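Below is one structure; the comments refer to it alone.
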Amino acid sequence: MTATIDAADARILRFLQKDNTRPHREIADKIGLSVAAVARRIQRLREEKIIASDVSVVDQDRVGRPLTLIVEVIIENERLDLLDKMRKRFADCPQVQQCYYITGEVDFILIMNVRDMEEYTNLTRELFFEGGNVKNFRTFVSMRRIKTGCEVIVSG
């Protein structure tokens with residue numbers, strides 16, 4: 001279901017996606033609304049789950065987790081109960097930052113963050129071998145992050 005947002009909501013969302021700690025006063029001054037109107041709109045955007053969460057982005061290098069891995073997973077069996085178990089296994093794994101169930105020759109794409117290859121090797125055993133229903137997986141190691149983010153283009 002697509003939410004209805006107007007131009008002011010869109011402008012607020014563009015500001016918040018860049019820095020959600022920005023004071024309401026500053027946003028209000030930039031878009032020409034009162035502070036109270038901005039606060040009400042932000043509250044409504046949160047209540048309607050248009051703003052899905054408020055988070056802090058952590059620099060993975062500075063906390064000792066420098067490796068980003070992109071993993072293609074091909075499953076053995078598309079039986080729904082097995083597929084649901086696999087989705088849950090991937091969703092519950094803290095090292096899996098993103099997981100996509102996709103069309104084509106590959107069934108899942110995982111974006112993972114690990115400390116080192118030893119941690120990843122242990123995860124492959126847990127996620128792909130012991131967990132079952134994995135026919136094949138292929139791992140790509142990121143040499144350098146060029147762009148990361150979750151910003152959505154918002155128009156209204």
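Naming scheme: A, B, ... for chains in displayed order of the structure tokens; residues 1 onward per chain; ligands 1 onward as shown.
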Sorted per-residue table, segment 72-109 of chain A near segment 127-141 of chain A, closest atoms and distance, 10 Å, only C-alpha atoms, as JSON lines:
```
{"residue": "A:Glu72", "atom": "CA", "partner": "A:Arg138", "partner_atom": "CA", "distance": 5.1}
{"residue": "A:Val73", "atom": "CA", "partner": "A:Phe137", "partner_atom": "CA", "distance": 4.4}
{"residue": "A:Ile74", "atom": "CA", "partner": "A:Asn136", "partner_atom": "CA", "distance": 5.2}
{"residue": "A:Ile75", "atom": "CA", "partner": "A:Val134", "partner_atom": "CA", "distance": 4.4}
{"residue": "A:Glu76", "atom": "CA", "partner": "A:Lys135", "partner_atom": "CA", "distance": 4.7}
{"residue": "A:Asn77", "atom": "CA", "partner": "A:Asn133", "partner_atom": "CA", "distance": 6.3}
{"residue": "A:Glu78", "atom": "CA", "partner": "A:Asn133", "partner_atom": "CA", "distance": 8.7}
{"residue": "A:Arg79", "atom": "CA", "partner": "A:Asn133", "partner_atom": "CA", "distance": 9.7}
{"residue": "A:Leu82", "atom": "CA", "partner": "A:Asn133", "partner_atom": "CA", "distance": 7.0}
{"residue": "A:Leu83", "atom": "CA", "partner": "A:Asn133", "partner_atom": "CA", "distance": 8.2}
{"residue": "A:Lys85", "atom": "CA", "partner": "A:Gly131", "partner_atom": "CA", "distance": 8.7}
{"residue": "A:Met86", "atom": "CA", "partner": "A:Gly131", "partner_atom": "CA", "distance": 7.6}
{"residue": "A:Arg89", "atom": "CA", "partner": "A:Leu127", "partner_atom": "CA", "distance": 7.0}
{"residue": "A:Phe90", "atom": "CA", "partner": "A:Leu127", "partner_atom": "CA", "distance": 7.3}
{"residue": "A:Cys93", "atom": "CA", "partner": "A:Leu127", "partner_atom": "CA", "distance": 8.5}
{"residue": "A:Val106", "atom": "CA", "partner": "A:Phe137", "partner_atom": "CA", "distance": 8.9}
{"residue": "A:Asp107", "atom": "CA", "partner": "A:Phe137", "partner_atom": "CA", "distance": 9.9}
{"residue": "A:Phe108", "atom": "CA", "partner": "A:Phe137", "partner_atom": "CA", "distance": 9.3}
{"residue": "A:Ile109", "atom": "CA", "partner": "A:Phe137", "partner_atom": "CA", "distance": 9.6}
```
**Study point:** segment 142-146 of chain A environment, 12 Å, only C-alpha atoms, sequence neighbours closer than 6 positions dropped, as a PyMOL selection string
**Key:** chain A and resi 59-61+66-71+111-114
Point to revise | Secondary structure check, strand (DSSP E) residues of segment 68-134 of chain A, as a VMD selection string | key: chain A and resid 68 to 75 96 to 101 108 to 114 134
Exercise for review: as a PyMOL selection string, list the residues of segment 56-91 of chain A assigned to helix (DSSP H, G or I) by DSSP on the backbone atoms of this structure.
Suggested key: chain A and resi 80-91
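With only C-alpha atoms as the atoms that count, the minimum distance from Leu16 of chain A to the choices A:Arg46, A:Thr148, A:Asp84, A:Ser34 is reached by A:Arg46.
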Practice item. Write out as an NGL selection string which residues come within 12 Å of Thr4 of chain A when counting only C-alpha atoms, dropping same-chain ones fewer than 4 positions away. Key: :A and (8-10 or 44-45 or 48-50 or 154-156)
Exercise for review: Can you work out which one of A:Ile12, A:Val58, A:Arg65, A:Gly149 has the shortest atom-to-atom distance to Ile42 of chain A, counting only C-alpha atoms?
Suggested key: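 When distances to Ile42 of chain A are compared using only C-alpha atoms, the smallest one comes from A:Ile12.
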Review point. Within 12 Å of Ala28 of chain A, counting only C-alpha atoms, which residues qualify if same-chain residues fewer than 3 places away don't, as a PyMOL selection string?
Key: chain A and resi 8-9+11-12+15+22-25+31-42
**Study point:** Shell around Val55 of chain A at 10 Å using only C-alpha atoms, local window under 3 positions removed, as a list in words
**Key:**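 Non-adjacent residues within range: Asp19, Asn20, Thr21, Ala52 and Val58 of chain A.
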Selected residues, N, CA, C and O atoms, written as a PDB file, in the first residue's frame, please.
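Output (selection17.pdb):
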```
ATOM      1  N   ASP A  19      19.990  13.427   7.869  1.00  0.00           N
ATOM      2  CA  ASP A  19      20.364  13.603   9.276  1.00  0.00           C
ATOM      3  C   ASP A  19      19.084  13.678  10.106  1.00  0.00           C
ATOM      4  O   ASP A  19      18.431  14.717  10.163  1.00  0.00           O
ATOM      5  N   ASN A  20      18.731  12.575  10.759  1.00  0.00           N
ATOM      6  CA  ASN A  20      17.473  12.576  11.514  1.00  0.00           C
ATOM      7  C   ASN A  20      17.602  13.198  12.903  1.00  0.00           C
ATOM      8  O   ASN A  20      16.659  13.185  13.674  1.00  0.00           O
ATOM      9  N   THR A  21      18.791  13.745  13.207  1.00  0.00           N
ATOM     10  CA  THR A  21      18.940  14.489  14.466  1.00  0.00           C
ATOM     11  C   THR A  21      18.774  15.993  14.243  1.00  0.00           C
ATOM     12  O   THR A  21      18.868  16.774  15.193  1.00  0.00           O
ATOM     13  N   ALA A  52      10.372   4.201   8.764  1.00  0.00           N
ATOM     14  CA  ALA A  52      10.377   2.837   9.290  1.00  0.00           C
ATOM     15  C   ALA A  52      11.185   2.709  10.574  1.00  0.00           C
ATOM     16  O   ALA A  52      10.855   1.901  11.441  1.00  0.00           O
ATOM     17  N   VAL A  58      26.806   3.078  11.748  1.00  0.00           N
ATOM     18  CA  VAL A  58      28.083   2.814  12.398  1.00  0.00           C
ATOM     19  C   VAL A  58      29.143   2.542  11.330  1.00  0.00           C
ATOM     20  O   VAL A  58      28.900   1.796  10.376  1.00  0.00           O
TER      21      VAL A  58
END
```
